[in-house]
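Written out below as structure tokens is the structure these notes cover.
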Amino acid sequence: MPYPDFEELSMEFLGKTRTVYKAGEGPAIIVIHEVPGLYPAVADFGRKVVAQGFTVYMPSLLGTPGKDMSFPYSIRSIARACVMKEFTVWAKGKNSAVTQWLRALAEHAHKECGGDGVGAVGMCLTGGFALAMAVDPWMKAPVLSQPSLPFGVLPAQKRDLGIDRATLAAVQSRAENEGLCVMGLRFTNDRMVPTERFASLRRELGDNFLAIEIDSSKGNAHDIPRTAHSVLTHDLVPSEGHPTQEALNKVMEFFHSRLDGTSLETS
């Protein structure tokens, strides 16, 4: 078992069974791993969320849980996602089919854990999935960390949010009528997360989109490499005052403010 501090579960929704790792107590947070899979840095992020008083559910969608990140492993996982019907990696204005399963998981987690609602973090390939999940009333704290789909080759793809118009309209309605907020994170030089995508989120959600954009341009004050991509995992620098640590703190504060009404626990 790759993560003995998590309970390993087989969970079936909509006729599809996946392995989910669960730990903690309190309101539920769905942690959706990035490419290449549920590698150790993603689990470390999950542990940080658990330490804040939440129940974490980490579904395995690609790759081998516990396997370390490497370039060949990442390329294989991307290639796998490109041929899977559950992931929409190129098309504009379409939801990835796997988001239906994730919505069912979030509903189950809310019933199981209770509280005011649930949160979700998508990362990289799954970054926009939390936006698709925000159509449901129990989703109160969606976080889009480096949302990379659809892959931004053409201008229209760079602007696209990876969801269809009906989903976007439902999220906009919740933002206007319920005060739903969506948080997004990216490095400014990250070509996988175009500036145009965050501009679209600002245009569509207005002040209800909470953007965190970390300077990764050449010569930036914190020597963040221009290749930086994974804000909360691989490229996180756990040092007080570092922009990535501050971004992590803001994510935790977002969860607390939306799900339990408390402040960030720093002990």
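Residues are referred to by chain and number: the chain letter is A, B, ... according to the order shown in the structure tokens, the number counts from 1 in that chain, and ligands are numbered separately from 1 in the order shown.
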Could you give me, as a list in words, each residue of segment 134-191 of chain A that DSSP assigns to alpha helix (DSSP H) when run on this structure's backbone?
Pro155, Ala156, Gln157, Lys158, Arg159, Arg165, Ala166, Thr167, Leu168, Ala169, Ala170, Val171, Gln172, Ser173, Arg174, Ala175, Glu176, Asn177 and Glu178 of chain A
Put those residues in a file: C-alpha atoms, as an mmCIF file, in the first residue's frame.
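Final file, result.cif:
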data_model
loop_
_atom_site.group_PDB
_atom_site.id
_atom_site.type_symbol
_atom_site.label_atom_id
_atom_site.label_comp_id
_atom_site.auth_asym_id
_atom_site.auth_seq_id
_atom_site.Cartn_x
_atom_site.Cartn_y
_atom_site.Cartn_z
ATOM 1 C CA PRO A 155 -5.786 31.226 -29.417
ATOM 2 C CA ALA A 156 -9.272 29.862 -28.849
ATOM 3 C CA GLN A 157 -7.853 26.945 -26.861
ATOM 4 C CA LYS A 158 -5.819 29.308 -24.708
ATOM 5 C CA ARG A 159 -8.978 31.229 -23.806
ATOM 6 C CA ARG A 165 -21.570 26.757 -21.890
ATOM 7 C CA ALA A 166 -24.292 25.170 -19.761
ATOM 8 C CA THR A 167 -21.782 24.350 -17.022
ATOM 9 C CA LEU A 168 -20.320 27.835 -17.152
ATOM 10 C CA ALA A 169 -23.792 29.377 -16.949
ATOM 11 C CA ALA A 170 -24.583 27.261 -13.872
ATOM 12 C CA VAL A 171 -21.345 28.335 -12.164
ATOM 13 C CA GLN A 172 -22.012 31.967 -13.043
ATOM 14 C CA SER A 173 -25.516 31.684 -11.571
ATOM 15 C CA ARG A 174 -24.132 30.295 -8.337
ATOM 16 C CA ALA A 175 -21.529 33.061 -8.216
ATOM 17 C CA GLU A 176 -24.191 35.730 -8.681
ATOM 18 C CA ASN A 177 -26.902 34.259 -6.470
ATOM 19 C CA GLU A 178 -24.983 32.298 -3.832
#
Hey, what's within 10 Å of Ser200 of chain A if we count only C-alpha atoms and toss same-chain stuff fewer than 5 positions away? As a list in words, please?
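Listing them by chain and then by number gives Lys158, Arg159, Asp160, Leu161, Thr195, Leu205 and Gly206 of chain A.
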Write the residues you've just listed into a file as an mmCIF file, in the first residue's frame, and include N, CA and C atoms for each of them.
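Saved to out.cif:
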data_model
loop_
_atom_site.group_PDB
_atom_site.id
_atom_site.type_symbol
_atom_site.label_atom_id
_atom_site.label_comp_id
_atom_site.auth_asym_id
_atom_site.auth_seq_id
_atom_site.Cartn_x
_atom_site.Cartn_y
_atom_site.Cartn_z
ATOM 1 N N LYS A 158 -6.424 28.604 -25.836
ATOM 2 C CA LYS A 158 -5.819 29.308 -24.708
ATOM 3 C C LYS A 158 -6.870 30.030 -23.871
ATOM 4 N N ARG A 159 -7.918 30.506 -24.519
ATOM 5 C CA ARG A 159 -8.978 31.229 -23.806
ATOM 6 C C ARG A 159 -9.971 30.288 -23.141
ATOM 7 N N ASP A 160 -10.021 29.047 -23.600
ATOM 8 C CA ASP A 160 -11.082 28.133 -23.197
ATOM 9 C C ASP A 160 -10.890 27.674 -21.749
ATOM 10 N N LEU A 161 -12.026 27.387 -21.084
ATOM 11 C CA LEU A 161 -12.007 26.995 -19.676
ATOM 12 C C LEU A 161 -12.194 25.496 -19.469
ATOM 13 N N THR A 195 -2.064 33.012 -20.027
ATOM 14 C CA THR A 195 -2.653 34.221 -19.437
ATOM 15 C C THR A 195 -4.090 34.398 -19.896
ATOM 16 N N LEU A 205 -16.388 35.459 -14.405
ATOM 17 C CA LEU A 205 -16.765 35.385 -12.993
ATOM 18 C C LEU A 205 -16.554 36.691 -12.232
ATOM 19 N N GLY A 206 -15.875 37.645 -12.845
ATOM 20 C CA GLY A 206 -15.680 38.934 -12.200
ATOM 21 C C GLY A 206 -14.937 38.806 -10.879
#
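Relative to atom CA of Phe187 of chain A, atom CA of Pro225 of chain A is found at 9.7 Å.
Excluding Val35 of chain A and any residue on its chain fewer than 6 positions from it, the residues at most 9 Å away by only C-alpha atoms are Leu62, Gly63, Met69, Tyr73, Ser74, Ile75, Ser77, Ile78, Met123, Cys124, Leu125 and Thr126 of chain A.
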Pick from A:Thr188, A:Val89, A:Asp223, A:Glu107: nearest to Val237 of chain A, with only C-alpha atoms counted?
A:Asp223
Quick check for you: according to DSSP on this backbone, which residues of segment 16-262 of chain A are classed as strand (DSSP E or B)? Reply as a PDB file with C-alpha atoms, in the first residue's frame.
ATOM      1  CA  LYS A  16     -16.940   2.980 -12.720  1.00  0.00           C
ATOM      2  CA  THR A  17     -14.751   1.821  -9.811  1.00  0.00           C
ATOM      3  CA  ARG A  18     -11.612   3.726  -8.814  1.00  0.00           C
ATOM      4  CA  THR A  19      -9.170   3.599  -5.947  1.00  0.00           C
ATOM      5  CA  VAL A  20      -9.577   6.506  -3.519  1.00  0.00           C
ATOM      6  CA  TYR A  21      -7.296   7.358  -0.603  1.00  0.00           C
ATOM      7  CA  LYS A  22      -9.047   8.875   2.398  1.00  0.00           C
ATOM      8  CA  ALA A  23      -7.800  10.412   5.644  1.00  0.00           C
ATOM      9  CA  GLY A  24      -8.761  13.009   8.223  1.00  0.00           C
ATOM     10  CA  ALA A  28     -14.453  16.990   2.780  1.00  0.00           C
ATOM     11  CA  ILE A  29     -11.854  18.134   0.263  1.00  0.00           C
ATOM     12  CA  ILE A  30     -11.427  16.263  -3.031  1.00  0.00           C
ATOM     13  CA  VAL A  31      -7.751  16.382  -4.043  1.00  0.00           C
ATOM     14  CA  ILE A  32      -7.456  15.569  -7.747  1.00  0.00           C
ATOM     15  CA  THR A  55     -11.250  14.948   5.396  1.00  0.00           C
ATOM     16  CA  VAL A  56      -9.287  14.343   2.200  1.00  0.00           C
ATOM     17  CA  TYR A  57     -10.372  12.082  -0.658  1.00  0.00           C
ATOM     18  CA  MET A  58      -7.665  11.472  -3.278  1.00  0.00           C
ATOM     19  CA  PRO A  59      -8.934   9.483  -6.286  1.00  0.00           C
ATOM     20  CA  VAL A 118     -17.056  20.351   0.211  1.00  0.00           C
ATOM     21  CA  GLY A 119     -13.983  21.730  -1.514  1.00  0.00           C
ATOM     22  CA  ALA A 120     -11.934  20.464  -4.436  1.00  0.00           C
ATOM     23  CA  VAL A 121      -8.476  21.067  -5.849  1.00  0.00           C
ATOM     24  CA  GLY A 122      -7.679  20.187  -9.438  1.00  0.00           C
ATOM     25  CA  MET A 123      -4.097  20.330 -10.666  1.00  0.00           C
ATOM     26  CA  MET A 139     -19.300  22.392  -3.880  1.00  0.00           C
ATOM     27  CA  LYS A 140     -18.399  25.516  -1.904  1.00  0.00           C
ATOM     28  CA  ALA A 141     -14.624  25.867  -2.401  1.00  0.00           C
ATOM     29  CA  PRO A 142     -13.335  24.983  -5.891  1.00  0.00           C
ATOM     30  CA  VAL A 143      -9.610  25.574  -6.494  1.00  0.00           C
ATOM     31  CA  LEU A 144      -8.063  25.499  -9.974  1.00  0.00           C
ATOM     32  CA  SER A 145      -4.310  24.984  -9.628  1.00  0.00           C
ATOM     33  CA  VAL A 182     -13.512  30.142  -7.513  1.00  0.00           C
ATOM     34  CA  MET A 183      -9.795  30.310  -6.736  1.00  0.00           C
ATOM     35  CA  GLY A 184      -7.128  29.925  -9.450  1.00  0.00           C
ATOM     36  CA  LEU A 185      -3.344  29.569  -9.195  1.00  0.00           C
ATOM     37  CA  ARG A 186      -0.640  29.789 -11.824  1.00  0.00           C
ATOM     38  CA  PHE A 187       2.950  30.835 -12.457  1.00  0.00           C
ATOM     39  CA  PHE A 209     -12.654  34.686  -9.363  1.00  0.00           C
ATOM     40  CA  LEU A 210      -9.799  34.855  -6.877  1.00  0.00           C
ATOM     41  CA  ALA A 211      -6.586  34.767  -8.899  1.00  0.00           C
ATOM     42  CA  ILE A 212      -3.150  34.007  -7.492  1.00  0.00           C
ATOM     43  CA  GLU A 213      -0.474  34.548 -10.133  1.00  0.00           C
ATOM     44  CA  ILE A 214       3.116  34.011  -9.032  1.00  0.00           C
TER      45      ILE A 214
END
Measuring between only C-alpha atoms, which one of A:Met133, A:Lys92, A:Leu38, A:Arg47 shows the shortest distance to Ala106 of chain A?
A:Met133
Find the residues around Ala104 of chain A up to 9 Å (only C-alpha atoms counted), leave out those fewer than 4 positions away in its own chain, and share them as an MDAnalysis selection string.
chainID A and resid 13:14 99:100 108:109
Same residues, C-alpha atoms, output as a PDB file, in the first residue's frame:
ATOM      1  CA  PHE A  13     -19.980   5.702  -9.041  1.00  0.00           C
ATOM      2  CA  LEU A  14     -21.793   5.722 -12.375  1.00  0.00           C
ATOM      3  CA  THR A  99     -15.880  15.128 -13.980  1.00  0.00           C
ATOM      4  CA  GLN A 100     -19.246  13.349 -13.699  1.00  0.00           C
ATOM      5  CA  HIS A 108     -20.885  11.103  -1.457  1.00  0.00           C
ATOM      6  CA  ALA A 109     -18.146  12.834   0.545  1.00  0.00           C
TER       7      ALA A 109
END
